[in-house]
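Below is one structure, written out as structure tokens; the observations come after it.
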4 protein chains.
Amino acid sequence: MKNKTPKSSQKNPKNPKKAATILKAAEHIFARKGFQTATISDIAKKAKVSEATIYEYFSSKEELLFAIPAEIIQHYQEKNREILPYIHGAANKLRFLIHRHLALYEDNPDYANVVMLILKGNPNFLKTEAYRVVQSSARNYIEVLEEGIKSNEFRPDMDPYMIRAMIWGNIEHLVTRKSLLGKPENLTNLTDTLFNTLFNGIRTTAEQPPLNINVHLTRSE
Amino acid sequence: MKNKTPKSSQKNPKNPKKAATILKAAEHIFARKGFQTATISDIAKKAKVSEATIYEYFSSKEELLFAIPAEIIQHYQEKNREILPYIHGAANKLRFLIHRHLALYEDNPDYANVVMLILKGNPNFLKTEAYRVVQSSARNYIEVLEEGIKSNEFRPDMDPYMIRAMIWGNIEHLVTRKSLLGKPENLTNLTDTLFNTLFNGIRTTAEQPPLNINVHLTRSE
Amino acid sequence: MKNKTPKSSQKNPKNPKKAATILKAAEHIFARKGFQTATISDIAKKAKVSEATIYEYFSSKEELLFAIPAEIIQHYQEKNREILPYIHGAANKLRFLIHRHLALYEDNPDYANVVMLILKGNPNFLKTEAYRVVQSSARNYIEVLEEGIKSNEFRPDMDPYMIRAMIWGNIEHLVTRKSLLGKPENLTNLTDTLFNTLFNGIRTTAEQPPLNINVHLTRSE
Amino acid sequence: MKNKTPKSSQKNPKNPKKAATILKAAEHIFARKGFQTATISDIAKKAKVSEATIYEYFSSKEELLFAIPAEIIQHYQEKNREILPYIHGAANKLRFLIHRHLALYEDNPDYANVVMLILKGNPNFLKTEAYRVVQSSARNYIEVLEEGIKSNEFRPDMDPYMIRAMIWGNIEHLVTRKSLLGKPENLTNLTDTLFNTLFNGIRTTAEQPPLNINVHLTRSE
DNA sequence: AATGAATGAGATTTCATTCAT
DNA sequence: CATGAATGAAATCTCATTCAT
């Protein structure tokens with residue numbers, strides 16, 4: 001007789017405004033308490049709804065967590081796709097992507113916390129629709145980097161995937177530090193440093209063995 | 001997050017061998033199940049001791065978690081400190097550090113999992129003794145980078161902290177990917193790619209700063 | 001067991017057709033899921049009405065359950081009362097009752113499930129109007145059995161209540177088996193077996209010790 | 001990472017006495033409140049242990065329920081098997097089984113409640129080990145009935161399975177009535193009524209096969 | 001008359017942790 | 001030293017039920 005129906009992970013958006021309220025509350029609480037420590041009760045209180053109401057909109061605590069990035073990342077990627085074509089040159093595009101990436105986290109510190117401290121460590125997130133969008137936004141980098149190679153702006157021997165890992169890793173490292181230590185107060189300011197370092201490397205130009213050309217002017221006798 | 005009275009965080013190492021067994025078991029279990037999902041019972045079973053015995057050696061589940069990196073990171077850093085002086089040139093030292101860093105995670109995949117997916121998201125880890133060692137190992141990078149500036153191997157205008165973030169972030173990004181997706185099968189192989197990119201940047205050589213041409217006009221007698 | 005204020009147990013039959021639809025749906029769901037496991041939501045879906053509508057017709061889940069037998073048993077008993085007078089002889093009447101009893105469950109397997117697996121275990125059902133009708137239908141048996149005693153068809157020393165318990169128990173046992181195990185595929189076919197066994201007992205006739213009467217004819221001297 | 005181990009439904013009998021205490025408490029509470037209405041908390045209070053302790057011994061509320069009949073039915077059946085061989089004649093054996101059956105419930109009214117009102121309606125019970133024993137005890141009846149046919153004590157045309165259904169159903173009907181209505185105060189007293197009715201039927205003796213009268217005419221000398 | 005939306009009210013279950021032996 | 005046994009303390013999640021529209 002027992003017969004659990006496999007709960008539909010898609011709840012009807014009865015009242016989209018309330019869903020958004022709950023999501024914001026969840027983001028706030030998760031960002032401060034972590035996933036396990038945060039309770040549905042905390043979130044319900046913050047959102048000023050009953051706990052049961054949360055379950056009307058999200059079928060589990062984890063689904064609630066995973067729903068947090070969905071909209072923001074979607075919007076982020078759409079805007080990227082919209083603007084990129086207007087930017088000239090792969091290097092400029094790359095700088096733009098880096099800036100956007102940093103701004104995303106700078107403008108949404110709670111979101112940054114949730115992503116860096118909670119979602120990144122949760123393998124189930126990989127199965128999420130939101131993660132699909134993350135992947136698609138990662139492709140931006142690859143496309144721009146390949147464009148730069150074609151246009152001769154970037155070294156042809158570089159591996160776009162490695163470069164992306166470098167950028168992505170750098171950004172996430174900075175964001176995580178900010179989340180945990182508050183240290184790099186401002187993130188977007190670092191856009192140029194990051195870009196320039198990546199673009200030029202750290203080798204001192206002087207290091208490039210200067211060509212010493214000794215020209216001996218000899219007076220012809 | 002939860003922050004109970006910190007108890008005697010130093011338990012008598014009654015039987016160091018058993019402590020090590022427990023730690024290995026914990027690493028194994030945590031790596032596979034995550035912190036919350038893993039149970040003391042799981043770990044006890046794996047270590048073939050009773051749950052109560054675990055509490056003889058570690059005063060809480062979280063302390064057990066934090067104890068995992070202690071030894072490995074200590075040993076890692078000591079070896080770094082030991083070898084570094086024998087390496088000539090900041091660039092070579094930097095390459096060495098990157099290699100060691102990648103090897104650390106490559107050689108200890110369970111440890112990598114624990115660090116990337118669990119510890120990084122736990123703010124309490126920052127208060128840990130082990131984290132102190134992590135910080136000290138982070139200083140290696142700064143020292144080497146500063147040495148490189150002094151020795152004119154690296155650009156004087158670069159920010160060592162930013163460069164370190166770049167390297168560190170890149171490495172952790174790669175390691176996390178490997179933990180979650182298994183993707184970069186081999187990590188240490190990437191040492192040179194990472195180093196070279198960082199060293200030379202991605203700008204095509206054609207656009208590199210113009211050669212310095214020193215013209216010495218010598219009057220021939 | 002739980003016994004909340006009994007509310008207005010008589011709801012206005014706003015739309016009798018809809019009430020019937022809901023009842024059929026409830027019977028279907030309860031029969032398959034049991035009382036606790038079945039949800040109002042399940043029933044609402046099956047009946048294609050909203051959950052709130054169910055509460056327009058039935059004031060609680062339990063009242064809904066108890067409403068299921070009401071009509072069917074009423075109709076069953078009315079028909080019994082109607083036909084019985086036309087049957088000649090207590091034995092024939094008894095056979096008729098058994099047949100009807102078996103047919104009731106055979107023709108309504110969902111109803112059989114609900115009665116055997118759910119209602120029988122619920123003490124609150126005894127306070128129900130429907131149970132009153134069950135009792136009155138039980139009286140049929142008593143009346144017929146007593147008639148049989150009077151008419152000398154049945155042993156005068158038998159206890160009608162015990163006999164009824166025997167019949168009733170036998171039938172319910174068979175029906176329950178069918179509900180749970182599907183085993184006696186056909187129920188009404190068993191009417192005669194049941195009746196004959198009851199009527200004749202299981203003692204072999206040969207077993208009745210033959211009376212040996214020795215008659216000595218003596219010639220008077 | 002999530003990885004629920006499929007709980008072993010066999011818990012170590014750490015302390016058999018405590019397990020028995022819990023079982024008795026559960027029987028008591030379930031008998032009075034029904035399965036759903038009874039709470040683990042109720043049972044824990046009655047057994048004077050914590051709720052968690054109950055879960056040390058039984059892995060779920062339902063398993064706790066199913067554990068109730070295990071021992072009692074086992075013991076019941078063992079005793080039956082032990083005594084049966086000493087009884088002479090199928091009829092006597094049958095009377096014995098009926099008596100034992102009634103006594104089982106008479107002597108354990110809480111147990112009777114649990115079986116009649118709760119277990120009988122739970123299809124999962126059929127998958128239970130205890131149910132296996134019930135089945136084996138049901139086989140007693142069949143064996144005795146078949147023996148009676150062979151020995152010519154019982155009619156050869158009777159269906160043992162039907163007869164068993166009759167007895168079993170009758171008994172359960174009486175026990176259920178007693179559980180719900182308290183009505184047949186005494187159960188074992190009914191043994192003979194039940195047996196005799198079954199044995200002789202309810203047909204009036206007048207209609208029974210005519211007596212055999214042997215008349216020996218002897219000529220006196 | 002019908003229902004979408006909201007929630008009150010708990011119960012089961014899980015573990016980390018303790019303590020007496 | 002080691003551990004078997006016991007439990008305190010919550011948290012998630014489920015539904016029957018209500019009410020405003």
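Chain labels A, B, ... are given in the sequence in which chains occur in the structure tokens; within each chain residues are numbered consecutively from 1, and ligands are likewise numbered from 1 in the order shown.
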
If we count only C-alpha atoms (C1' of nucleotides) and set the cut-off at 10 Å, which residues sit around range 2-15 of chain E, ignoring sequence neighbours fewer than 3 positions away in its own chain? Please answer as a ChimeraX atom specification.
/A:14-15,49-53,56 /B:39-41 /C:49-54,56 /D:36,39-41,51-52,55,59-61 /F:10-12,14,17-21

Output the selection as an mmCIF file, in the first residue's frame - C-alpha atoms (C1' of nucleotides) for each residue.
data_model
loop_
_atom_site.group_PDB
_atom_site.id
_atom_site.type_symbol
_atom_site.label_atom_id
_atom_site.label_comp_id
_atom_site.auth_asym_id
_atom_site.auth_seq_id
_atom_site.Cartn_x
_atom_site.Cartn_y
_atom_site.Cartn_z
ATOM 1 C CA LYS A 14 1.819 29.700 -7.653
ATOM 2 C CA ASN A 15 3.007 33.078 -6.632
ATOM 3 C CA VAL A 49 6.134 32.563 5.594
ATOM 4 C CA SER A 50 5.500 29.237 7.250
ATOM 5 C CA GLU A 51 7.887 26.373 6.792
ATOM 6 C CA ALA A 52 5.195 24.451 4.999
ATOM 7 C CA THR A 53 4.858 27.245 2.494
ATOM 8 C CA GLU A 56 4.886 24.454 -1.507
ATOM 9 C CA THR B 39 28.964 9.328 10.027
ATOM 10 C CA ILE B 40 31.257 8.563 12.888
ATOM 11 C CA SER B 41 29.904 5.075 12.616
ATOM 12 C CA VAL C 49 -11.855 18.176 -8.046
ATOM 13 C CA SER C 50 -9.819 20.325 -5.733
ATOM 14 C CA GLU C 51 -8.977 19.192 -2.252
ATOM 15 C CA ALA C 52 -11.031 21.992 -0.810
ATOM 16 C CA THR C 53 -14.044 20.733 -2.702
ATOM 17 C CA ILE C 54 -13.806 17.413 -0.960
ATOM 18 C CA GLU C 56 -17.302 20.899 0.943
ATOM 19 C CA GLN D 36 -0.794 5.570 13.313
ATOM 20 C CA THR D 39 3.707 7.425 18.676
ATOM 21 C CA ILE D 40 7.190 6.233 19.310
ATOM 22 C CA SER D 41 7.219 8.727 22.099
ATOM 23 C CA GLU D 51 12.969 7.167 21.700
ATOM 24 C CA ALA D 52 16.413 6.776 20.257
ATOM 25 C CA TYR D 55 15.628 2.684 17.239
ATOM 26 C CA SER D 59 14.892 0.030 12.796
ATOM 27 C CA SER D 60 11.474 1.465 12.159
ATOM 28 C CA LYS D 61 8.084 1.839 13.670
ATOM 29 C "C1'" DA F 10 16.775 18.628 16.428
ATOM 30 C "C1'" DA F 11 15.326 19.113 11.636
ATOM 31 C "C1'" DT F 12 12.997 17.854 7.620
ATOM 32 C "C1'" DT F 14 3.992 15.773 5.246
ATOM 33 C "C1'" DT F 17 -7.633 21.382 7.027
ATOM 34 C "C1'" DT F 18 -9.040 26.375 6.536
ATOM 35 C "C1'" DC F 19 -10.284 30.658 4.326
ATOM 36 C "C1'" DA F 20 -10.599 34.458 1.259
ATOM 37 C "C1'" DT F 21 -11.898 35.121 -3.225
#

Residues of chain B within 7 Å of chain D, counting only C-alpha atoms - could you list those as a PyMOL selection string?
chain B and resi 32-34+37

Any chance you can output those residues with N, CA and C atoms as a PDB file, in the first residue's frame?
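Generated file (part_35.pdb):
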ATOM      1  N   ARG B  32      34.534  10.466   0.286  1.00  0.00           N
ATOM      2  CA  ARG B  32      33.484   9.830  -0.511  1.00  0.00           C
ATOM      3  C   ARG B  32      32.079  10.293  -0.163  1.00  0.00           C
ATOM      4  N   LYS B  33      31.876  10.668   1.074  1.00  0.00           N
ATOM      5  CA  LYS B  33      30.507  10.977   1.486  1.00  0.00           C
ATOM      6  C   LYS B  33      30.262  12.436   1.833  1.00  0.00           C
ATOM      7  N   GLY B  34      31.327  13.202   1.932  1.00  0.00           N
ATOM      8  CA  GLY B  34      31.127  14.564   2.410  1.00  0.00           C
ATOM      9  C   GLY B  34      31.036  14.584   3.929  1.00  0.00           C
ATOM     10  N   THR B  37      27.214  13.846   5.470  1.00  0.00           N
ATOM     11  CA  THR B  37      26.693  12.519   5.153  1.00  0.00           C
ATOM     12  C   THR B  37      27.530  11.418   5.803  1.00  0.00           C
TER      13      THR B  37
END

Find the residues around range 69-82 of chain B up to 7 Å (only C-alpha atoms (C1' of nucleotides) counted), leave out those fewer than 3 positions away in its own chain, and share them as a PyMOL selection string.
chain B and resi 66+85+130+133-134+137

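Distances to Glu146 in chain A were evaluated for B:Ile202, B:Arg132, B:Thr191, B:Arg177 using only C-alpha atoms, and the minimum falls at B:Ile202.
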
For a quick test of understanding: name the residues of chain F lying within 10 Å of chain D when counting only C-alpha atoms (C1' of nucleotides), and present them as a PyMOL selection string.
chain F and resi 4-8

Report as a PyMOL selection string: the residues of range 39-174 of chain A with a DSSP assignment of helix (DSSP H, G or I), based on the backbone of this structure.
chain A and resi 40-47+51-57+61-86+90-107+109-121+123-127+129-150+160-174

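The interatomic distance for the pair CA of Lys93 in chain B and CA of Arg203 in chain B works out to 23.9 Å.
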
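Shell of Lys120 in chain C at 10 Å, with only C-alpha atoms (C1' of nucleotides) counted and residues fewer than 6 places along the chain excluded, is C:Val114, C:Leu126, D:Met116, D:Leu117, D:Ile118, D:Lys120, D:Gly121, D:Thr176, D:Leu180.
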
Store the residues of this selection in a file with all heavy atoms, as a PDB file, in the first residue's frame.
ATOM      1  N   VAL C 114     -11.650  -2.024   1.210  1.00  0.00           N
ATOM      2  CA  VAL C 114     -11.840  -0.966   2.199  1.00  0.00           C
ATOM      3  C   VAL C 114     -12.432  -1.543   3.475  1.00  0.00           C
ATOM      4  O   VAL C 114     -11.967  -1.250   4.586  1.00  0.00           O
ATOM      5  CB  VAL C 114     -12.741   0.144   1.626  1.00  0.00           C
ATOM      6  CG1 VAL C 114     -13.167   1.108   2.725  1.00  0.00           C
ATOM      7  CG2 VAL C 114     -12.017   0.884   0.519  1.00  0.00           C
ATOM      8  N   LEU C 126     -17.612   1.862  14.420  1.00  0.00           N
ATOM      9  CA  LEU C 126     -18.757   1.317  15.163  1.00  0.00           C
ATOM     10  C   LEU C 126     -19.775   2.390  15.512  1.00  0.00           C
ATOM     11  O   LEU C 126     -20.930   2.094  15.775  1.00  0.00           O
ATOM     12  CB  LEU C 126     -18.256   0.645  16.444  1.00  0.00           C
ATOM     13  CG  LEU C 126     -17.225  -0.473  16.250  1.00  0.00           C
ATOM     14  CD1 LEU C 126     -16.904  -1.117  17.586  1.00  0.00           C
ATOM     15  CD2 LEU C 126     -17.749  -1.512  15.266  1.00  0.00           C
TER      16      LEU C 126
ATOM     17  N   MET D 116      -5.714  -8.390  15.288  1.00  0.00           N
ATOM     18  CA  MET D 116      -7.008  -8.259  14.613  1.00  0.00           C
ATOM     19  C   MET D 116      -7.213  -6.882  14.000  1.00  0.00           C
ATOM     20  O   MET D 116      -7.730  -6.748  12.898  1.00  0.00           O
ATOM     21  CB  MET D 116      -8.149  -8.540  15.602  1.00  0.00           C
ATOM     22  CG  MET D 116      -8.195  -9.978  16.073  1.00  0.00           C
ATOM     23  SD  MET D 116      -8.267 -11.116  14.671  1.00  0.00           S
ATOM     24  CE  MET D 116      -7.280 -12.473  15.283  1.00  0.00           C
ATOM     25  N   LEU D 117      -6.794  -5.857  14.734  1.00  0.00           N
ATOM     26  CA  LEU D 117      -7.124  -4.506  14.279  1.00  0.00           C
ATOM     27  C   LEU D 117      -6.021  -3.854  13.460  1.00  0.00           C
ATOM     28  O   LEU D 117      -6.258  -2.909  12.730  1.00  0.00           O
ATOM     29  CB  LEU D 117      -7.475  -3.633  15.485  1.00  0.00           C
ATOM     30  CG  LEU D 117      -8.566  -4.212  16.402  1.00  0.00           C
ATOM     31  CD1 LEU D 117      -8.931  -3.218  17.485  1.00  0.00           C
ATOM     32  CD2 LEU D 117      -9.801  -4.599  15.588  1.00  0.00           C
ATOM     33  N   ILE D 118      -4.821  -4.335  13.605  1.00  0.00           N
ATOM     34  CA  ILE D 118      -3.721  -3.647  12.923  1.00  0.00           C
ATOM     35  C   ILE D 118      -3.054  -4.542  11.884  1.00  0.00           C
ATOM     36  O   ILE D 118      -3.014  -4.217  10.707  1.00  0.00           O
ATOM     37  CB  ILE D 118      -2.667  -3.161  13.945  1.00  0.00           C
ATOM     38  CG1 ILE D 118      -3.349  -2.277  15.007  1.00  0.00           C
ATOM     39  CG2 ILE D 118      -1.564  -2.402  13.234  1.00  0.00           C
ATOM     40  CD1 ILE D 118      -2.414  -1.778  16.080  1.00  0.00           C
ATOM     41  N   LYS D 120      -3.773  -7.439  10.579  1.00  0.00           N
ATOM     42  CA  LYS D 120      -4.569  -8.057   9.522  1.00  0.00           C
ATOM     43  C   LYS D 120      -4.783  -7.128   8.336  1.00  0.00           C
ATOM     44  O   LYS D 120      -4.959  -7.583   7.200  1.00  0.00           O
ATOM     45  CB  LYS D 120      -5.939  -8.499  10.079  1.00  0.00           C
ATOM     46  CG  LYS D 120      -5.881  -9.849  10.752  1.00  0.00           C
ATOM     47  CD  LYS D 120      -7.273 -10.361  11.064  1.00  0.00           C
ATOM     48  CE  LYS D 120      -8.077 -10.614   9.795  1.00  0.00           C
ATOM     49  NZ  LYS D 120      -9.387 -11.228  10.112  1.00  0.00           N
ATOM     50  N   GLY D 121      -4.775  -5.834   8.585  1.00  0.00           N
ATOM     51  CA  GLY D 121      -4.995  -4.899   7.489  1.00  0.00           C
ATOM     52  C   GLY D 121      -3.731  -4.417   6.811  1.00  0.00           C
ATOM     53  O   GLY D 121      -3.784  -3.597   5.901  1.00  0.00           O
ATOM     54  N   THR D 176     -12.192 -10.571  17.142  1.00  0.00           N
ATOM     55  CA  THR D 176     -12.355  -9.175  16.757  1.00  0.00           C
ATOM     56  C   THR D 176     -13.517  -8.536  17.507  1.00  0.00           C
ATOM     57  O   THR D 176     -13.410  -7.424  18.009  1.00  0.00           O
ATOM     58  CB  THR D 176     -12.607  -9.070  15.242  1.00  0.00           C
ATOM     59  OG1 THR D 176     -11.513  -9.654  14.549  1.00  0.00           O
ATOM     60  CG2 THR D 176     -12.746  -7.623  14.819  1.00  0.00           C
ATOM     61  N   LEU D 180     -13.263  -5.328  19.915  1.00  0.00           N
ATOM     62  CA  LEU D 180     -13.967  -4.079  19.672  1.00  0.00           C
ATOM     63  C   LEU D 180     -15.123  -3.859  20.635  1.00  0.00           C
ATOM     64  O   LEU D 180     -15.364  -2.746  21.083  1.00  0.00           O
ATOM     65  CB  LEU D 180     -14.491  -4.051  18.227  1.00  0.00           C
ATOM     66  CG  LEU D 180     -13.430  -3.863  17.143  1.00  0.00           C
ATOM     67  CD1 LEU D 180     -14.074  -3.984  15.769  1.00  0.00           C
ATOM     68  CD2 LEU D 180     -12.764  -2.493  17.281  1.00  0.00           C
TER      69      LEU D 180
END

Quick one: everything within 10 Å of Tyr141 in chain C, counting only C-alpha atoms (C1' of nucleotides), minus sequence neighbours fewer than 3 positions away in the same chain. Send it as a ChimeraX atom specification.
/C:90,93-94,97-98,136-138,144-147,160-161,163-165,167-168

Using N, CA, C and O atoms, can you export the residues from the last selection as a CSV table (one decimal), in the first residue's frame?
chain,number,residue,atom,x,y,z
C,90,ALA,N,-36.3,-22.0,5.9
C,90,ALA,CA,-35.1,-21.3,6.6
C,90,ALA,C,-33.8,-21.7,5.9
C,90,ALA,O,-32.9,-20.8,5.7
C,93,LYS,N,-33.5,-19.8,2.8
C,93,LYS,CA,-33.2,-18.4,3.1
C,93,LYS,C,-31.7,-18.2,3.5
C,93,LYS,O,-31.1,-17.2,3.1
C,94,LEU,N,-31.3,-19.1,4.4
C,94,LEU,CA,-29.9,-19.0,4.8
C,94,LEU,C,-28.9,-19.1,3.7
C,94,LEU,O,-28.0,-18.3,3.5
C,97,LEU,N,-28.9,-15.8,1.9
C,97,LEU,CA,-28.1,-14.8,2.6
C,97,LEU,C,-26.6,-15.0,2.4
C,97,LEU,O,-25.9,-14.0,2.2
C,98,ILE,N,-26.2,-16.2,2.5
C,98,ILE,CA,-24.7,-16.4,2.3
C,98,ILE,C,-24.3,-16.0,0.8
C,98,ILE,O,-23.3,-15.4,0.6
C,136,SER,N,-28.1,-4.3,11.3
C,136,SER,CA,-29.4,-4.7,10.9
C,136,SER,C,-29.4,-5.8,9.9
C,136,SER,O,-30.2,-6.8,9.9
C,137,SER,N,-28.4,-5.8,9.0
C,137,SER,CA,-28.3,-6.9,8.1
C,137,SER,C,-27.8,-8.1,8.8
C,137,SER,O,-28.1,-9.3,8.4
C,138,ALA,N,-27.1,-7.9,9.9
C,138,ALA,CA,-26.7,-9.1,10.7
C,138,ALA,C,-27.9,-9.8,11.3
C,138,ALA,O,-27.9,-11.0,11.5
C,144,VAL,N,-33.5,-15.6,10.4
C,144,VAL,CA,-33.6,-16.9,9.6
C,144,VAL,C,-33.2,-18.1,10.4
C,144,VAL,O,-33.9,-19.1,10.4
C,145,LEU,N,-32.2,-18.0,11.3
C,145,LEU,CA,-31.8,-19.1,12.0
C,145,LEU,C,-32.8,-19.5,13.1
C,145,LEU,O,-33.2,-20.7,13.3
C,146,GLU,N,-33.4,-18.5,13.7
C,146,GLU,CA,-34.5,-18.8,14.6
C,146,GLU,C,-35.7,-19.4,14.0
C,146,GLU,O,-36.3,-20.3,14.5
C,147,GLU,N,-36.0,-18.8,12.8
C,147,GLU,CA,-37.1,-19.4,12.0
C,147,GLU,C,-36.9,-20.9,11.8
C,147,GLU,O,-37.8,-21.7,11.9
C,160,PRO,N,-27.9,-19.4,17.6
C,160,PRO,CA,-27.9,-18.6,16.4
C,160,PRO,C,-26.7,-17.6,16.3
C,160,PRO,O,-26.1,-17.4,15.2
C,161,TYR,N,-26.4,-17.0,17.4
C,161,TYR,CA,-25.3,-16.0,17.4
C,161,TYR,C,-23.9,-16.7,17.0
C,161,TYR,O,-23.1,-16.1,16.3
C,163,ILE,N,-23.7,-19.4,15.3
C,163,ILE,CA,-23.7,-19.8,13.9
C,163,ILE,C,-23.5,-18.6,13.0
C,163,ILE,O,-22.7,-18.7,12.0
C,164,ARG,N,-24.1,-17.5,13.3
C,164,ARG,CA,-23.8,-16.4,12.5
C,164,ARG,C,-22.3,-16.0,12.5
C,164,ARG,O,-21.7,-15.7,11.5
C,165,ALA,N,-21.7,-16.1,13.7
C,165,ALA,CA,-20.3,-15.8,13.8
C,165,ALA,C,-19.5,-16.7,12.9
C,165,ALA,O,-18.5,-16.3,12.3
C,167,ILE,N,-20.6,-18.2,10.1
C,167,ILE,CA,-20.8,-17.8,8.7
C,167,ILE,C,-20.1,-16.5,8.4
C,167,ILE,O,-19.3,-16.4,7.4
C,168,TRP,N,-20.3,-15.5,9.2
C,168,TRP,CA,-19.8,-14.2,9.0
C,168,TRP,C,-18.2,-14.3,8.9
C,168,TRP,O,-17.6,-13.8,8.0

So that I can see what lies close to Ala67 in chain D, please list as JSON, numbers by chain the residues with an atom at most 12 Å from it, counting only C-alpha atoms (C1' of nucleotides) and leaving out residues fewer than 4 positions away in the same chain.
{"D": [9, 10, 11, 19, 20, 22, 23, 24, 26, 27, 57, 58, 59, 60, 61, 62, 63, 71, 72, 73, 74, 111, 114, 115, 119, 125, 128, 129, 130, 131]}

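Counting only C-alpha atoms (C1' of nucleotides) and comparing A:Lys48, A:Gly89, A:Phe35, A:Asp42, the residue that lies closest to chain E is A:Lys48.
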